[in-house]
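K.L.:
Structure file run_24.cif (mmCIF, C-alpha atoms) is given on the next line.
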```cif
data_work
#
loop_
_atom_site.label_atom_id
_atom_site.label_comp_id
_atom_site.auth_asym_id
_atom_site.auth_seq_id
_atom_site.Cartn_x
_atom_site.Cartn_y
_atom_site.Cartn_z
CA MET L 1 -5.62 146.07 -130.18
CA PHE L 2 -7.36 144.50 -133.13
CA ALA L 3 -5.62 143.40 -136.31
CA GLU L 4 -6.47 144.25 -139.89
CA GLY L 5 -9.17 141.86 -141.09
CA ASP L 6 -10.67 141.26 -137.62
CA PHE L 7 -14.42 141.52 -137.19
CA ILE L 8 -15.46 143.65 -134.24
CA SER L 9 -18.62 144.99 -132.69
CA HIS L 10 -18.55 148.78 -132.74
CA GLY L 11 -21.05 150.84 -130.77
CA THR L 12 -23.84 152.11 -132.98
CA ASN L 13 -22.27 150.78 -136.20
CA GLY L 14 -22.63 147.09 -135.39
CA VAL L 15 -20.29 144.52 -136.88
CA CYS L 16 -17.32 146.04 -138.70
CA ARG L 17 -14.21 144.67 -140.34
CA VAL L 18 -10.93 146.37 -139.43
CA ALA L 19 -9.75 147.63 -142.82
CA GLY L 20 -6.58 149.26 -141.53
CA PHE L 21 -5.15 152.02 -139.37
CA THR L 22 -4.48 155.72 -139.80
CA GLN L 23 -3.09 158.67 -137.86
CA MET L 24 -5.38 161.65 -137.37
CA ASP L 25 -4.94 165.03 -135.72
CA VAL L 26 -6.59 165.49 -132.35
CA PRO L 27 -8.38 168.84 -132.66
CA GLY L 28 -6.88 171.63 -130.56
CA THR L 29 -3.89 169.61 -129.29
CA GLY L 30 -1.45 169.45 -132.19
CA GLU L 31 -1.11 165.72 -131.44
CA LYS L 32 -1.83 162.75 -133.65
CA LYS L 33 -3.74 159.72 -132.53
CA GLU L 34 -4.03 156.26 -134.09
CA TYR L 35 -7.45 155.25 -135.39
CA TYR L 36 -8.97 152.06 -136.72
CA ILE L 37 -10.43 152.30 -140.21
CA LEU L 38 -13.63 150.26 -139.93
CA LYS L 39 -15.94 149.04 -142.67
CA PRO L 40 -19.44 148.19 -141.37
CA VAL L 41 -20.42 144.74 -142.66
CA TYR L 42 -24.02 145.75 -143.37
CA ASP L 43 -23.31 149.18 -144.89
CA SER L 44 -20.74 148.74 -147.65
CA ASN L 45 -20.63 152.47 -148.43
CA ALA L 46 -19.70 153.57 -144.90
CA THR L 47 -16.31 154.00 -143.28
CA VAL L 48 -15.90 154.57 -139.54
CA TYR L 49 -12.82 155.93 -137.78
CA SER L 50 -12.48 154.87 -134.16
CA PRO L 51 -9.61 155.64 -131.77
CA VAL L 52 -7.39 152.65 -131.10
CA GLU L 53 -6.96 153.76 -127.50
CA SER L 54 -10.44 154.47 -126.23
CA GLY L 55 -11.58 154.68 -122.63
CA ASP L 56 -14.84 152.93 -123.59
CA THR L 57 -14.03 149.23 -123.71
CA LEU L 58 -17.49 148.30 -125.02
CA LYS L 59 -17.27 150.74 -127.94
CA CYS L 60 -15.09 148.20 -129.77
CA ARG L 61 -14.96 144.53 -128.82
CA SER L 62 -14.31 141.26 -130.57
CA ILE L 63 -17.45 139.66 -131.93
CA LEU L 64 -18.51 136.33 -130.50
CA THR L 65 -16.61 133.29 -131.70
CA GLU L 66 -18.59 130.57 -133.44
CA GLU L 67 -18.60 128.55 -130.21
CA GLU L 68 -19.75 131.53 -128.13
CA ALA L 69 -22.50 132.28 -130.64
CA LYS L 70 -23.76 128.68 -130.55
CA LYS L 71 -23.71 128.72 -126.75
CA LEU L 72 -25.66 132.00 -126.65
CA ILE L 73 -28.27 130.59 -129.03
CA GLY L 74 -28.56 127.49 -126.86
CA ASP L 75 -28.98 129.69 -123.78
CA ILE L 76 -31.74 131.85 -125.26
CA PRO L 77 -34.59 129.87 -123.65
CA THR L 78 -33.06 130.43 -120.19
CA ILE L 79 -32.21 134.13 -120.57
CA ALA L 80 -34.67 136.10 -118.46
CA PRO L 81 -36.57 139.02 -119.95
CA ILE L 82 -36.24 142.50 -118.48
CA GLU L 83 -38.52 143.27 -115.56
CA ALA L 84 -39.89 146.75 -115.05
CA CYS L 85 -42.60 148.40 -112.97
CA ASP L 86 -43.85 150.71 -115.70
CA ARG L 87 -43.37 151.74 -119.33
CA LYS L 88 -40.84 154.48 -118.51
CA GLU L 89 -38.65 152.08 -116.52
CA LEU L 90 -38.94 149.44 -119.27
CA GLU L 91 -37.81 151.89 -121.92
CA GLU L 92 -34.85 153.05 -119.80
CA LYS L 93 -33.78 149.46 -119.11
CA CYS L 94 -34.07 148.58 -122.82
CA LYS L 95 -31.99 151.62 -123.74
CA GLN L 96 -29.29 150.61 -121.23
CA ALA L 97 -29.32 146.98 -122.39
CA ILE L 98 -28.88 147.95 -126.03
CA SER L 99 -26.05 150.37 -125.28
CA SER L 100 -24.29 147.74 -123.12
CA GLY L 101 -22.90 146.17 -126.29
CA LEU L 102 -23.59 142.68 -124.90
CA CYS L 103 -25.38 140.06 -126.98
CA SER L 104 -27.08 138.50 -123.94
CA GLU L 105 -28.59 141.90 -123.09
CA TRP L 106 -29.85 142.27 -126.66
CA VAL L 107 -31.57 138.87 -126.26
CA ARG L 108 -33.25 140.14 -123.08
CA VAL L 109 -34.57 143.20 -124.93
CA ILE L 110 -35.91 141.08 -127.78
CA LYS L 111 -37.61 138.57 -125.48
CA THR L 112 -39.10 141.36 -123.38
CA LEU L 113 -40.45 143.33 -126.30
CA TRP L 114 -41.81 140.29 -128.13
CA GLU L 115 -43.81 139.48 -125.00
CA ASP L 116 -44.86 143.12 -124.70
CA ARG L 117 -46.04 143.05 -128.33
CA ARG L 118 -48.09 139.89 -127.76
CA SER L 119 -49.62 141.35 -124.60
CA ARG L 120 -50.53 144.65 -126.24
CA GLU L 121 -51.95 142.94 -129.34
CA GLY L 122 -54.14 140.86 -127.02
CA GLN L 123 -55.52 144.15 -125.69
CA GLY L 124 -56.09 145.51 -129.19
CA LYS L 125 -53.11 147.88 -128.91
CA LYS L 126 -49.95 148.40 -130.95
CA MET L 127 -46.41 148.55 -129.63
CA THR L 128 -45.20 151.97 -128.63
CA ALA L 129 -42.87 153.73 -131.05
CA ALA L 130 -40.03 153.53 -128.51
CA SER L 131 -40.52 149.79 -128.03
CA GLU L 132 -40.55 149.23 -131.79
CA ARG L 133 -37.33 151.24 -132.13
CA PHE L 134 -35.60 149.32 -129.30
CA LEU L 135 -36.72 145.97 -130.70
CA LYS L 136 -35.38 146.82 -134.16
CA GLN L 137 -32.05 148.01 -132.72
CA ALA L 138 -31.60 144.89 -130.59
CA GLU L 139 -32.52 142.57 -133.45
CA GLU L 140 -30.21 144.35 -135.91
CA LYS L 141 -27.27 144.18 -133.51
CA LEU L 142 -27.82 140.60 -132.37
CA HIS L 143 -28.67 139.12 -135.76
CA GLY L 144 -25.83 140.95 -137.47
CA GLU L 145 -23.22 139.74 -135.00
CA LEU L 146 -24.47 136.15 -134.82
CA ALA L 147 -24.68 135.91 -138.62
CA VAL L 148 -21.04 136.93 -139.03
CA SER L 149 -19.92 134.70 -136.13
CA LEU L 150 -21.68 131.69 -137.63
CA GLY L 151 -20.89 132.43 -141.28
CA MET L 152 -24.57 132.76 -142.18
CA GLN L 153 -26.62 135.24 -144.13
CA LYS L 154 -28.39 137.67 -141.82
CA GLN L 155 -31.91 136.77 -143.03
CA GLU L 156 -31.20 133.06 -142.62
CA LEU L 157 -30.12 133.66 -139.03
CA THR L 158 -33.10 135.96 -138.38
CA ASP L 159 -35.55 133.28 -139.54
CA TYR L 160 -33.85 130.67 -137.36
CA LEU L 161 -33.86 132.88 -134.24
CA CYS L 162 -37.48 133.93 -134.76
CA GLY L 163 -38.48 130.27 -134.82
CA LEU L 164 -36.45 129.56 -131.70
CA LEU L 165 -37.92 132.52 -129.79
CA MET L 166 -41.45 131.60 -130.81
CA ALA L 167 -40.88 128.02 -129.60
CA THR L 168 -39.87 129.26 -126.13
CA LYS L 169 -43.28 130.85 -125.51
#
```
Can I see the file as structure tokens?

P.N.:
Amino acid sequence: MFAEGDFISHGTNGVCRVAGFTQMDVPGTGEKKEYYILKPVYDSNATVYSPVESGDTLKCRSILTEEEAKKLIGDIPTIAPIEACDRKELEEKCKQAISSGLCSEWVRVIKTLWEDRRSREGQGKKMTAASERFLKQAEEKLHGELAVSLGMQKQELTDYLCGLLMATK
């Protein structure tokens, strides 16, 4: 269980701060269930309610510590991109990696799709819409979490990571 004030990674909402707890009715059961009140860090107008006891352990997890974030950044050059036989398999693997909730998987998506972009541009083609969407999702999730973990502004972290990823190619 997380405490009020903790920063967590929450499914599709990214990094959130636990603002408190509330009891809510479970529809059709007459029971009440405890929920986290979450405030997404990068959407100040939003509030998310997430069950405290959820069967999906990756839906809510602690964000990386500062040390874990620094280690992940140091490991980026050695993290292998996703391998796929065709576009359909690549898109499915990217989708799975993003929904895994794991920062290292988000790095794999970013590295894979940056390389895909370079390759397609070399052929005079643009990225597919799906690849662009997956790249944006992975970057938003990774950069948002690392920025909070390291106490940086998101754009500052984005610029740093872009430089690091470009240097690895």

K.L.:
For Leu142 of chain L, which residue out of L:Gly30, L:Gly101, L:Gly74, L:Pro40 is the nearest one, using only C-alpha atoms?

P.N.:
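Looking at the shortest contact to Leu142 of chain L, the residue is L:Gly101.
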
K.L.:
Considering all atoms listed in the file, state which residue in the set L:Phe7, L:Tyr49, L:Tyr160, L:Tyr42 is at the smallest distance from Met24 of chain L.

P.N.:
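Nearest to Met24 of chain L: L:Tyr49.
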
K.L.:
Selection in question (the file shown): the PyMOL selection byres ((chain L and resi 108) around 12). Which residues does it include, as a ChimeraX atom specification?

P.N.:
/L:72,75-83,90,93-98,100,102-107,109-115,134-135,138-139,142,165

K.L.:
Suppose we keep C-alpha atoms; can you now write the selection as a PDB file, in the frame of the given file?

P.N.:
```pdb
ATOM      1  CA  LEU L  72     -25.660 132.000-126.650  1.00  0.00           C
ATOM      2  CA  ASP L  75     -28.980 129.690-123.780  1.00  0.00           C
ATOM      3  CA  ILE L  76     -31.740 131.850-125.260  1.00  0.00           C
ATOM      4  CA  PRO L  77     -34.590 129.870-123.650  1.00  0.00           C
ATOM      5  CA  THR L  78     -33.060 130.430-120.190  1.00  0.00           C
ATOM      6  CA  ILE L  79     -32.210 134.130-120.570  1.00  0.00           C
ATOM      7  CA  ALA L  80     -34.670 136.100-118.460  1.00  0.00           C
ATOM      8  CA  PRO L  81     -36.570 139.020-119.950  1.00  0.00           C
ATOM      9  CA  ILE L  82     -36.240 142.500-118.480  1.00  0.00           C
ATOM     10  CA  GLU L  83     -38.520 143.270-115.560  1.00  0.00           C
ATOM     11  CA  LEU L  90     -38.940 149.440-119.270  1.00  0.00           C
ATOM     12  CA  LYS L  93     -33.780 149.460-119.110  1.00  0.00           C
ATOM     13  CA  CYS L  94     -34.070 148.580-122.820  1.00  0.00           C
ATOM     14  CA  LYS L  95     -31.990 151.620-123.740  1.00  0.00           C
ATOM     15  CA  GLN L  96     -29.290 150.610-121.230  1.00  0.00           C
ATOM     16  CA  ALA L  97     -29.320 146.980-122.390  1.00  0.00           C
ATOM     17  CA  ILE L  98     -28.880 147.950-126.030  1.00  0.00           C
ATOM     18  CA  SER L 100     -24.290 147.740-123.120  1.00  0.00           C
ATOM     19  CA  LEU L 102     -23.590 142.680-124.900  1.00  0.00           C
ATOM     20  CA  CYS L 103     -25.380 140.060-126.980  1.00  0.00           C
ATOM     21  CA  SER L 104     -27.080 138.500-123.940  1.00  0.00           C
ATOM     22  CA  GLU L 105     -28.590 141.900-123.090  1.00  0.00           C
ATOM     23  CA  TRP L 106     -29.850 142.270-126.660  1.00  0.00           C
ATOM     24  CA  VAL L 107     -31.570 138.870-126.260  1.00  0.00           C
ATOM     25  CA  VAL L 109     -34.570 143.200-124.930  1.00  0.00           C
ATOM     26  CA  ILE L 110     -35.910 141.080-127.780  1.00  0.00           C
ATOM     27  CA  LYS L 111     -37.610 138.570-125.480  1.00  0.00           C
ATOM     28  CA  THR L 112     -39.100 141.360-123.380  1.00  0.00           C
ATOM     29  CA  LEU L 113     -40.450 143.330-126.300  1.00  0.00           C
ATOM     30  CA  TRP L 114     -41.810 140.290-128.130  1.00  0.00           C
ATOM     31  CA  GLU L 115     -43.810 139.480-125.000  1.00  0.00           C
ATOM     32  CA  PHE L 134     -35.600 149.320-129.300  1.00  0.00           C
ATOM     33  CA  LEU L 135     -36.720 145.970-130.700  1.00  0.00           C
ATOM     34  CA  ALA L 138     -31.600 144.890-130.590  1.00  0.00           C
ATOM     35  CA  GLU L 139     -32.520 142.570-133.450  1.00  0.00           C
ATOM     36  CA  LEU L 142     -27.820 140.600-132.370  1.00  0.00           C
ATOM     37  CA  LEU L 165     -37.920 132.520-129.790  1.00  0.00           C
TER      38      LEU L 165
END
```

K.L.:
Just say which residues the PyMOL selection byres ((chain L and resi 5) around 6) picks in this file, as a PyMOL selection string.

P.N.:
chain L and resi 4+6+17-18

K.L.:
On this structure, which residues satisfy the PyMOL selection byres ((chain L and resi 50) around 8), written as a count of residues only?

P.N.:
8

K.L.:
What is the atom CA of Gly11 of chain L to atom CA of Lys59 of chain L distance in Å?

P.N.:
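Between these atoms lies a distance of 4.7 Å.
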
K.L.:
Please indicate the distance in Å from atom CA of Leu150 of chain L to atom CA of Glu66 of chain L, rounded to one decimal place.

P.N.:
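So the two atoms, atom CA of Leu150 of chain L and atom CA of Glu66 of chain L, lie 5.3 Å apart.
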
K.L.:
Residues within 12 Å of Leu157 of chain L, please, as a list in words. Count all atoms listed in the file; anything in the same chain fewer than 3 positions from it doesn't count.

P.N.:
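My list of contacting residues is Ala69, Lys70, Ile73, Glu139, Glu140, Leu142, His143, Gly144, Glu145, Leu146, Ala147, Val148, Ser149, Leu150, Gly151, Met152, Gln153, Lys154, Tyr160, Leu161, Cys162, Gly163 and Leu164 of chain L.
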
K.L.:
Can you list, as number ranges by chain, every protein, DNA or RNA residue that comes within 10 Å of Lys32 of chain L when you count all atoms listed in the file, leaving out same-chain residues fewer than 4 positions away?

P.N.:
L: 22-27

K.L.:
Atom CA of Glu156 of chain L to atom CA of Asp43 of chain L: how many Å, to one decimal?

P.N.:
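Here the two named atoms are 18.1 Å from each other.
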